[in-house]
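Accompanying notes for the structure given below.
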Amino acid sequence: MDISNYLYLSAILFTIGAVGVVLRRNAIVVFMCVELMLNAANLAFVTFSRINGDLVGQVASFFTMVVAACEVVVGLAIIVTMYRSRRSASVDDASLLKR
Amino acid sequence: MTTSSNLVYLIALPMVSSAILLLLGRIADKWGHLLATLVSASTFAIAAIEFFSMCQRSGDARAVTQDLFTWISVGSFNVHASLLLDQLSICFVLLISGVGTLIHIYSIAYMSHDYDRRRFFAYLNLFVAAMLLLVLGDSYLNLYVGWEGVGLASYLLIGFWNQKPAYAVAAKKAFVANRVGDIGLSLAIMIAFAQFGTVSFAGVAAGVPHASTAALTGLGAMLLLAAAGKSAQFPLQSWLGDAMAGPTPVSALIHAATMVTAGVYLITRSHFVFDASPTAQTMVLIVGGITLLFGALVGTAKDDIKKALAASTMSQIGYMILATGLGPIGYAFAIMHLLTHGFFKAGMFLGAGSVMHGMNDEVNMRRYGAIGKVMPITAVTFGLGYLAIIGVPPFAGFYSKDKIIETAFNTGGTKGILVGGAALLGAAITAFYMTRVIVLTFTGTKRWDDEAHPHESPSLMWIPMVILAFGSVASGFLFNSGHALVNWLAPVVNASGVHSEKEFLPPTTISVMALGVVAVGVAIAITKYRTVPVAAPAGNILTKIVRRDLLQDDFNDRVLVRPGQALTRFFVGMDNSFIDGIVRGVGGVVAVTSTNLRRIQNGYVRSYALVMVVGVLALLTTIWMVTL
């Protein structure tokens with residue numbers, strides 16, 4: 001199997017994630033799409049690591065996972081607080097910064 | 001050059017006294033006038049001491065200098081605040097402090113009923129300080145400080161009773177007319193600096209031989225403009241008549257004896273410029289000639305005693321300016337006439353003030369008449385001044401004015417006949433209008449109301465008048481005996497060796513001619529004013545024009561004021577529509593743009609994310625395309 005297929009998969013996953021972030025209104029789903037993009041990036045890192053035959057890409061993916069974990073903690077806390085204050089998890093409702 | 005450390009006190013004393021009186025306010029009301037008079041008298045004492053010590057030296061050693069401090073030091077441009085007292089300055093210093101002190105004394109009584117007497121004396125001292133600085137400065141820049149100072153003092157004193165709008169307007173008019181002249185002086189200073197790199201009198205004098213004629217003519221013209229503004233000469237003469245709004249002692253001191261003669265001082269001080277530029281000298285002659293006739297004509301139609309005297313002042317200064325335009329010999333005679341005029345005109349103004357004091361401030365001579373009987377001292381002192389101004393021998397004006405007429409004729413050629421004729425005609429008109437003043441005021445039948453109770457003024461007022469009357473009688477003879485003043489001034493104005501000019505007419509002939517025309521003027525006035533109607537007769541068109549000051553105000557109004565106002569309105573319109581339009585336009589465009597740009601900030605996270613994605617894609621595409 002051609003190893004570049006992993007890269008195509010990574011690109012597809014990333015695109016799905018990006019489209020999801022732009023199109024979906026539910027904050028949880030947007031969040032999951034962000035995670036999908038991060039994981040697509042991880043896949044690409046690991047693939048490049050394999051191609052190049054060194055460990056740099058794998059180390060980078062570990063960093064990404066740590067950052068993603070932190071992001072989940074903060075992000076979920078924000079979403080929960082937002083939901084508590086306005087009984088909605090729609091990102092479009094949280095547009096108070098306009099104008 | 002001798003140095004002296006006393007000169008600074010001449011300026012500092014009245015300056016400090018003025019500051020004290022103004023700063024202490026009403027606390028100083030009780031003794032303010034005494035302090036001011038004392039200070040003025042001490043300046044005269046210092047001046048007298050300097051004069052006597054100057055007499056003991058001779059020639060060039062007579063000039064005294066005092067270097068105070070370095071005022072401006074920028075690169076090669078170096079101006080010291082230093083004072084110069086030479087044979088020319090001392091004449092002025094003695095006149096200013098002497099006549100000034102007499103007028104201070106006079107004002108104590110004249111202003112005794114005025115609520116603001118202290119302020120009046122503070123301004124008088126300010127004037128004395130500024131005027132002394134003007135004549136003591138050793139460079140054009142130092143002179144300029146005094147020049148502006150006397151302008152300020154003149155403005156403050158003309159508008160002293162500024163609760164009357166007309167008086168405040170008169171003060172403003174004087175100030176504005178003076179500003180025009182001041183532009184001339186500042187331009188002259190700039191020309192001097194550009195040409196010679198220095199603004200001191202000595203430096204400019206040393207540089208004159210190497211300068212181009214055009215530069216000297218320009219410098220001379222600008223100096224003449226300055227002199228015309230300060231000395232109320234044509235075409236800037238219109239302010240002097242209105243300046244009579246000030247209290248009469250002010251008219252006597254500032255607008256007759258001293259400040260208005262500053263122009264004569266300036267031209268005499270700058271004689272090296274005018275001697276080197278015949279064009280500028282001719283301009284001086286023309287201005288002087290026009291003004292002496294102009295002032296004399298205006299004087300014939302004035303019913304206001306102070307305005308008649310003001311017109312006379314203008315005319316007499318015209319004589320002095322004319323004399324300064326006659327070359328080296330003329331300067332001494334200009335200064336001689338200036339000094340004698342300082343005595344007799346100040347004396348007559350004080351006399352006029354004395355009459356007004358007794359007549360409830362009535363100034364209309366048609367409502368006077370027969371005042372000589374009730375105010376004998378005023379009448380006699382005024383009469384002596386009168387004899388001096390019309391030039392009856394042996395009174396002061398005879399010597400000084402006759403010399404000017406004589407020198408004018410002796411310049412030779414058509415020019416000599418023209419200026420000599422103008423001076424002679426002026427003498428006749430002077431005799432006419434001054435006789436008119438005397439006849440209307442002191443002789444004839446009484447025309448005043450029963451409410452007026454004219455009485456002789458208190459001694460504080462008549463003593464200065466008597467002293468000035470002595471000056472009117474004797475000064476001309478003293479100055480002229482053995483050419484005393486001419487020889488005294490010779491080192492300053494380079495007048496040596498000009499006595500032996502060819503004579504157009506012998507001096508006796510000219511004296512006889514002058515006396516003849518004076519007699520004619522007096523005779524016409526006496527016959528014409530045998531009876532004086534209280535209401536001024538309508539008069540023909542010429543009389544009306546002369547009553548309106550030969551239309552000088554109408555001319556200024558039509559030619560300068562109204563176009564000036566139209567121009568101002570145009571610029572205001574331009575400012576409002578065009579300049580403000582640009583400013584508002586820029587603001588409007590920015591506002592509209594920002595309103596539109598603000599739409600991008602819609603607050604939706606998803607659209608920000610989209611923009612980010614698009615941006616990253618665009619960036620990647622660009623990089624891809626570049627590296628391809």
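By order in the structure tokens, chains are A, B, ...; within a chain, residues start at 1; ligands start at 1, following the order shown.
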Contacts of range 445-448 of chain B at 12 Å or less, counting only C-alpha atoms, minus same-chain residues fewer than 2 places along, as a short mmCIF file (atom, residue, chain, number, x, y, z; two decimals) with N, CA and C atoms, in the first residue's frame?
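Writing done, so here's out_11.cif:
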```
data_model
loop_
_atom_site.label_atom_id
_atom_site.label_comp_id
_atom_site.auth_asym_id
_atom_site.auth_seq_id
_atom_site.Cartn_x
_atom_site.Cartn_y
_atom_site.Cartn_z
N VAL B 355 -7.22 125.73 30.00
CA VAL B 355 -8.51 126.32 29.61
C VAL B 355 -9.62 125.29 29.78
N MET B 356 -9.36 124.05 29.31
CA MET B 356 -10.40 123.01 29.44
C MET B 356 -10.72 122.75 30.90
N GLY B 358 -10.65 124.83 33.30
CA GLY B 358 -11.53 125.87 33.82
C GLY B 358 -12.89 125.89 33.17
N MET B 359 -13.03 125.23 32.02
CA MET B 359 -14.28 125.33 31.24
C MET B 359 -15.06 124.01 31.24
N ASN B 360 -14.93 123.21 32.27
CA ASN B 360 -15.65 121.94 32.33
C ASN B 360 -15.37 121.05 31.13
N GLU B 362 -14.74 121.68 28.15
CA GLU B 362 -15.21 122.13 26.83
C GLU B 362 -14.00 122.28 25.91
N VAL B 363 -14.07 121.69 24.69
CA VAL B 363 -12.94 121.82 23.78
C VAL B 363 -13.27 122.68 22.56
N ASN B 364 -14.54 123.01 22.37
CA ASN B 364 -14.93 123.76 21.17
C ASN B 364 -14.56 125.23 21.34
N MET B 365 -13.63 125.69 20.48
CA MET B 365 -13.16 127.06 20.62
C MET B 365 -14.26 128.08 20.35
N ARG B 366 -15.29 127.66 19.62
CA ARG B 366 -16.38 128.60 19.34
C ARG B 366 -17.18 128.92 20.61
N ARG B 367 -16.99 128.10 21.62
CA ARG B 367 -17.68 128.38 22.88
C ARG B 367 -16.74 129.00 23.91
N TYR B 368 -15.54 129.40 23.47
CA TYR B 368 -14.62 130.10 24.38
C TYR B 368 -14.83 131.60 24.24
N GLY B 369 -13.76 132.32 23.98
CA GLY B 369 -13.84 133.76 23.80
C GLY B 369 -13.58 134.51 25.09
N ALA B 370 -12.71 135.52 25.00
CA ALA B 370 -12.43 136.41 26.13
C ALA B 370 -11.93 135.67 27.36
N ILE B 371 -11.27 134.53 27.14
CA ILE B 371 -10.77 133.79 28.30
C ILE B 371 -9.51 134.45 28.85
N GLY B 372 -8.85 135.26 28.01
CA GLY B 372 -7.66 135.95 28.46
C GLY B 372 -7.89 136.78 29.72
N LYS B 373 -9.11 137.31 29.86
CA LYS B 373 -9.38 138.16 31.02
C LYS B 373 -9.43 137.36 32.31
N VAL B 374 -10.01 136.14 32.23
CA VAL B 374 -10.18 135.37 33.46
C VAL B 374 -8.99 134.46 33.74
N VAL B 439 -7.35 134.04 18.72
CA VAL B 439 -8.49 134.96 18.66
C VAL B 439 -9.73 134.28 19.20
N LEU B 440 -9.97 133.04 18.78
CA LEU B 440 -11.18 132.35 19.20
C LEU B 440 -11.18 132.08 20.70
N THR B 441 -9.99 131.80 21.25
CA THR B 441 -9.96 131.38 22.65
C THR B 441 -9.86 132.56 23.60
N PHE B 442 -8.88 133.43 23.37
CA PHE B 442 -8.52 134.36 24.44
C PHE B 442 -9.08 135.77 24.25
N THR B 443 -9.43 136.13 23.00
CA THR B 443 -9.92 137.51 22.82
C THR B 443 -11.37 137.49 22.38
N ASP B 450 -23.50 130.07 30.98
CA ASP B 450 -23.41 130.62 32.32
C ASP B 450 -22.97 129.57 33.34
N GLU B 451 -23.14 128.25 32.97
CA GLU B 451 -22.72 127.21 33.93
C GLU B 451 -21.21 127.18 34.07
N ALA B 452 -20.48 127.54 32.98
CA ALA B 452 -19.02 127.49 33.03
C ALA B 452 -18.51 128.66 33.85
N HIS B 453 -17.58 128.39 34.77
CA HIS B 453 -16.98 129.46 35.55
C HIS B 453 -15.48 129.41 35.36
N PRO B 454 -15.00 129.87 34.21
CA PRO B 454 -13.56 129.76 33.98
C PRO B 454 -12.78 130.53 35.04
N TYR B 529 -11.88 136.62 11.79
CA TYR B 529 -12.52 136.17 13.02
C TYR B 529 -12.83 137.33 13.97
N ARG B 530 -13.20 138.48 13.37
CA ARG B 530 -13.57 139.61 14.23
C ARG B 530 -14.84 139.23 15.00
N THR B 531 -15.78 138.63 14.30
CA THR B 531 -16.94 138.08 15.00
C THR B 531 -16.95 136.58 14.76
N VAL B 532 -17.29 135.85 15.83
CA VAL B 532 -17.27 134.40 15.73
C VAL B 532 -18.65 133.85 16.10
N PRO B 533 -19.38 133.27 15.13
CA PRO B 533 -20.65 132.64 15.49
C PRO B 533 -20.40 131.37 16.30
N VAL B 534 -21.28 131.12 17.28
CA VAL B 534 -21.09 129.94 18.13
C VAL B 534 -21.29 128.66 17.32
N ALA B 535 -22.33 128.68 16.45
CA ALA B 535 -22.51 127.53 15.57
C ALA B 535 -21.60 127.73 14.37
#
```
Which residues of chain B have any atom within 6 Å of an atom in chain A when counting only C-alpha atoms, and what is the closest pair of atoms for each, with the distance in Å to one decimal? Order the rows by chain and rising number and write it as a tab-separated table.
```
residue	atom	partner	partner_atom	distance
B:Gln601	CA	A:Lys98	CA	5.5
B:Asn602	CA	A:Lys98	CA	4.6
B:Gly603	CA	A:Lys98	CA	4.0
B:Tyr604	CA	A:Ser95	CA	5.3
B:Arg606	CA	A:Val22	CA	4.9
B:Leu610	CA	A:Val22	CA	5.8
```
- Neighbour list for Ser4 in chain B as a list of chain:residue names, cut-off 8 Å, only C-alpha atoms, skip fewer than 5 positions in-chain: B:Val64, B:Thr65, B:Gln66
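If you look at CA of Ala170 in chain B and CA of Asp242 in chain B, they are 5.3 Å away from each other.
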Could you write out, as a CSV table (one decimal) with N, CA and C atoms, in the first residue's frame, all the residues of chain A that DSSP marks as alpha helix (DSSP H)?
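Contents of selection11.csv, as written:
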```
chain,number,residue,atom,x,y,z
A,4,SER,N,1.5,7.3,0.8
A,4,SER,CA,0.9,8.6,0.6
A,4,SER,C,-0.6,8.6,0.9
A,5,ASN,N,-1.2,7.4,0.8
A,5,ASN,CA,-2.6,7.3,1.1
A,5,ASN,C,-2.9,7.9,2.5
A,6,TYR,N,-2.0,7.7,3.4
A,6,TYR,CA,-2.2,8.2,4.8
A,6,TYR,C,-2.3,9.7,4.7
A,7,LEU,N,-1.5,10.3,3.9
A,7,LEU,CA,-1.5,11.7,3.8
A,7,LEU,C,-2.9,12.2,3.2
A,8,TYR,N,-3.3,11.5,2.1
A,8,TYR,CA,-4.6,11.8,1.6
A,8,TYR,C,-5.7,11.7,2.7
A,9,LEU,N,-5.7,10.7,3.5
A,9,LEU,CA,-6.7,10.5,4.5
A,9,LEU,C,-6.6,11.7,5.5
A,10,SER,N,-5.3,12.0,5.8
A,10,SER,CA,-5.1,13.1,6.7
A,10,SER,C,-5.8,14.4,6.2
A,11,ALA,N,-5.5,14.7,4.9
A,11,ALA,CA,-6.1,15.9,4.2
A,11,ALA,C,-7.6,15.8,4.3
A,12,ILE,N,-8.2,14.6,4.0
A,12,ILE,CA,-9.7,14.5,4.0
A,12,ILE,C,-10.2,14.8,5.4
A,13,LEU,N,-9.6,14.2,6.4
A,13,LEU,CA,-10.0,14.4,7.8
A,13,LEU,C,-10.0,15.8,8.2
A,14,PHE,N,-8.8,16.5,7.8
A,14,PHE,CA,-8.7,17.9,8.1
A,14,PHE,C,-9.8,18.7,7.5
A,15,THR,N,-10.1,18.4,6.2
A,15,THR,CA,-11.1,19.2,5.5
A,15,THR,C,-12.4,19.0,6.1
A,16,ILE,N,-12.7,17.7,6.5
A,16,ILE,CA,-14.0,17.5,7.1
A,16,ILE,C,-14.1,18.3,8.4
A,17,GLY,N,-13.0,18.3,9.2
A,17,GLY,CA,-13.0,19.1,10.4
A,17,GLY,C,-13.2,20.5,10.2
A,18,ALA,N,-12.5,21.1,9.2
A,18,ALA,CA,-12.6,22.5,8.9
A,18,ALA,C,-14.0,22.9,8.5
A,19,VAL,N,-14.5,22.1,7.6
A,19,VAL,CA,-15.9,22.4,7.1
A,19,VAL,C,-16.9,22.3,8.3
A,20,GLY,N,-16.6,21.3,9.2
A,20,GLY,CA,-17.5,21.2,10.3
A,20,GLY,C,-17.4,22.5,11.2
A,21,VAL,N,-16.2,22.9,11.4
A,21,VAL,CA,-16.1,24.1,12.3
A,21,VAL,C,-16.8,25.3,11.7
A,22,VAL,N,-16.7,25.4,10.3
A,22,VAL,CA,-17.4,26.6,9.7
A,22,VAL,C,-18.9,26.4,9.6
A,23,LEU,N,-19.4,25.2,9.4
A,23,LEU,CA,-20.8,25.1,9.2
A,23,LEU,C,-21.6,24.8,10.4
A,27,ALA,N,-21.8,24.1,19.7
A,27,ALA,CA,-20.4,24.3,20.2
A,27,ALA,C,-19.7,22.9,20.4
A,28,ILE,N,-20.4,21.9,20.9
A,28,ILE,CA,-19.8,20.6,21.1
A,28,ILE,C,-19.3,20.0,19.8
A,29,VAL,N,-20.1,20.1,18.8
A,29,VAL,CA,-19.8,19.6,17.5
A,29,VAL,C,-18.6,20.3,16.9
A,30,VAL,N,-18.6,21.7,17.0
A,30,VAL,CA,-17.5,22.5,16.6
A,30,VAL,C,-16.2,22.0,17.2
A,31,PHE,N,-16.3,21.8,18.5
A,31,PHE,CA,-15.2,21.3,19.3
A,31,PHE,C,-14.7,20.0,18.8
A,32,MET,N,-15.6,19.1,18.5
A,32,MET,CA,-15.2,17.8,18.0
A,32,MET,C,-14.5,17.9,16.7
A,33,CYS,N,-15.0,18.8,15.9
A,33,CYS,CA,-14.4,19.1,14.6
A,33,CYS,C,-13.0,19.6,14.7
A,34,VAL,N,-12.8,20.5,15.7
A,34,VAL,CA,-11.4,21.0,16.0
A,34,VAL,C,-10.5,19.8,16.3
A,35,GLU,N,-11.0,18.9,17.2
A,35,GLU,CA,-10.3,17.7,17.6
A,35,GLU,C,-9.9,16.9,16.3
A,36,LEU,N,-10.9,16.8,15.4
A,36,LEU,CA,-10.7,16.0,14.2
A,36,LEU,C,-9.5,16.6,13.4
A,37,MET,N,-9.5,17.9,13.3
A,37,MET,CA,-8.4,18.6,12.6
A,37,MET,C,-7.1,18.3,13.3
A,38,LEU,N,-7.1,18.4,14.6
A,38,LEU,CA,-5.8,18.1,15.3
A,38,LEU,C,-5.3,16.7,15.1
A,39,ASN,N,-6.3,15.7,15.1
A,39,ASN,CA,-5.9,14.4,14.8
A,39,ASN,C,-5.4,14.1,13.4
A,40,ALA,N,-6.1,14.8,12.4
A,40,ALA,CA,-5.6,14.8,11.1
A,40,ALA,C,-4.2,15.2,11.0
A,41,ALA,N,-3.9,16.3,11.7
A,41,ALA,CA,-2.5,16.8,11.7
A,41,ALA,C,-1.6,15.7,12.3
A,42,ASN,N,-2.0,15.1,13.4
A,42,ASN,CA,-1.2,14.0,14.1
A,42,ASN,C,-0.9,12.9,13.1
A,43,LEU,N,-1.9,12.5,12.3
A,43,LEU,CA,-1.8,11.5,11.4
A,43,LEU,C,-0.7,11.9,10.3
A,44,ALA,N,-0.8,13.1,9.9
A,44,ALA,CA,0.2,13.6,8.9
A,44,ALA,C,1.6,13.6,9.5
A,45,PHE,N,1.8,14.0,10.8
A,45,PHE,CA,3.1,14.0,11.5
A,45,PHE,C,3.6,12.6,11.5
A,46,VAL,N,2.8,11.6,11.9
A,46,VAL,CA,3.3,10.3,12.1
A,46,VAL,C,3.7,9.7,10.7
A,47,THR,N,2.9,10.0,9.7
A,47,THR,CA,3.2,9.6,8.4
A,47,THR,C,4.5,10.1,7.9
A,48,PHE,N,4.7,11.4,8.1
A,48,PHE,CA,6.0,12.0,7.7
A,48,PHE,C,7.2,11.4,8.5
A,49,SER,N,6.9,11.0,9.8
A,49,SER,CA,7.9,10.4,10.6
A,49,SER,C,8.3,9.1,9.9
A,50,ARG,N,7.3,8.4,9.5
A,50,ARG,CA,7.6,7.1,8.8
A,50,ARG,C,8.3,7.2,7.5
A,51,ILE,N,7.9,8.2,6.8
A,51,ILE,CA,8.6,8.4,5.5
A,51,ILE,C,10.0,8.8,5.7
A,52,ASN,N,10.3,9.7,6.6
A,52,ASN,CA,11.6,10.2,6.8
A,52,ASN,C,12.5,9.2,7.7
A,56,VAL,N,11.1,12.6,14.8
A,56,VAL,CA,10.7,14.0,15.0
A,56,VAL,C,9.1,14.1,14.9
A,57,GLY,N,8.5,13.6,13.9
A,57,GLY,CA,7.1,13.7,13.7
A,57,GLY,C,6.3,13.1,14.8
A,58,GLN,N,6.8,11.9,15.3
A,58,GLN,CA,6.1,11.3,16.4
A,58,GLN,C,6.2,12.1,17.7
A,59,VAL,N,7.3,12.7,17.9
A,59,VAL,CA,7.4,13.6,19.1
A,59,VAL,C,6.5,14.8,19.0
A,60,ALA,N,6.4,15.4,17.7
A,60,ALA,CA,5.5,16.5,17.5
A,60,ALA,C,4.1,16.1,17.8
A,61,SER,N,3.7,14.8,17.4
A,61,SER,CA,2.3,14.4,17.6
A,61,SER,C,2.0,14.3,19.1
A,62,PHE,N,3.0,13.9,19.9
A,62,PHE,CA,2.8,13.9,21.3
A,62,PHE,C,2.5,15.2,21.9
A,63,PHE,N,3.3,16.2,21.4
A,63,PHE,CA,3.0,17.6,21.8
A,63,PHE,C,1.6,18.0,21.5
A,64,THR,N,1.2,17.7,20.2
A,64,THR,CA,-0.2,18.0,19.8
A,64,THR,C,-1.2,17.4,20.7
A,65,MET,N,-1.0,16.1,21.1
A,65,MET,CA,-1.9,15.4,22.0
A,65,MET,C,-2.0,16.1,23.3
A,66,VAL,N,-0.9,16.6,23.9
A,66,VAL,CA,-0.9,17.3,25.2
A,66,VAL,C,-1.7,18.6,25.0
A,67,VAL,N,-1.4,19.3,24.0
A,67,VAL,CA,-2.1,20.6,23.8
A,67,VAL,C,-3.5,20.3,23.6
A,68,ALA,N,-3.9,19.3,22.8
A,68,ALA,CA,-5.3,19.0,22.6
A,68,ALA,C,-6.0,18.7,23.9
A,69,ALA,N,-5.3,17.9,24.8
A,69,ALA,CA,-5.9,17.6,26.1
A,69,ALA,C,-6.2,18.8,26.9
A,70,CYS,N,-5.2,19.7,27.0
A,70,CYS,CA,-5.4,21.0,27.7
A,70,CYS,C,-6.5,21.8,27.1
A,71,GLU,N,-6.5,21.8,25.8
A,71,GLU,CA,-7.6,22.6,25.0
A,71,GLU,C,-9.0,22.0,25.4
A,72,VAL,N,-9.1,20.7,25.5
A,72,VAL,CA,-10.3,20.1,25.8
A,72,VAL,C,-10.8,20.6,27.2
A,73,VAL,N,-9.8,20.6,28.1
A,73,VAL,CA,-10.2,21.0,29.5
A,73,VAL,C,-10.7,22.4,29.5
A,74,VAL,N,-10.0,23.4,28.9
A,74,VAL,CA,-10.4,24.8,28.9
A,74,VAL,C,-11.7,24.9,28.0
A,75,GLY,N,-11.6,24.4,26.8
A,75,GLY,CA,-12.8,24.5,25.9
A,75,GLY,C,-14.1,24.0,26.5
A,76,LEU,N,-14.0,22.8,27.1
A,76,LEU,CA,-15.2,22.3,27.6
A,76,LEU,C,-15.7,23.1,28.8
A,77,ALA,N,-14.8,23.6,29.6
A,77,ALA,CA,-15.2,24.5,30.7
A,77,ALA,C,-15.9,25.7,30.2
A,78,ILE,N,-15.4,26.3,29.1
A,78,ILE,CA,-16.0,27.5,28.5
A,78,ILE,C,-17.4,27.1,28.0
A,79,ILE,N,-17.5,26.0,27.3
A,79,ILE,CA,-18.8,25.6,26.7
A,79,ILE,C,-19.8,25.4,27.8
A,80,VAL,N,-19.4,24.7,28.9
A,80,VAL,CA,-20.3,24.5,30.0
A,80,VAL,C,-20.8,25.8,30.6
A,81,THR,N,-19.8,26.7,30.9
A,81,THR,CA,-20.2,28.0,31.4
A,81,THR,C,-21.2,28.7,30.5
A,82,MET,N,-20.8,28.7,29.2
A,82,MET,CA,-21.7,29.4,28.3
A,82,MET,C,-23.1,28.8,28.3
A,83,TYR,N,-23.2,27.5,28.4
A,83,TYR,CA,-24.5,26.8,28.4
A,83,TYR,C,-25.2,27.2,29.7
A,84,ARG,N,-24.5,27.2,30.8
A,84,ARG,CA,-25.2,27.6,32.0
A,84,ARG,C,-25.8,29.0,32.0
A,85,SER,N,-25.0,29.9,31.4
A,85,SER,CA,-25.5,31.3,31.5
A,85,SER,C,-26.6,31.5,30.5
A,86,ARG,N,-26.6,30.9,29.3
A,86,ARG,CA,-27.6,31.3,28.3
A,86,ARG,C,-28.4,30.1,27.8
```
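Within 10 Å of Ala332 in chain B, once only C-alpha atoms are used and residues closer than 2 positions along the same chain are dropped, the contacting residues are Leu88, Thr268, Met320, Ala323, Thr324, Gly327, Pro328, Ile329, Gly330, Ala334, Ile335, Met336, His337, Leu338, Ser400, Lys403, Ile404, His483, Leu485, Val486, Asn487, Trp488, Leu489, Ala490, Val492, Val493 and Ala495 of chain B.
From CA of Ser76 in chain B back to CA of Thr198 in chain B, the distance works out to 9.0 Å.
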- May I ask for the distance between CA of Gly75 in chain B and CA of Ile189 in chain B, given in Å to one decimal place? 17.6 Å
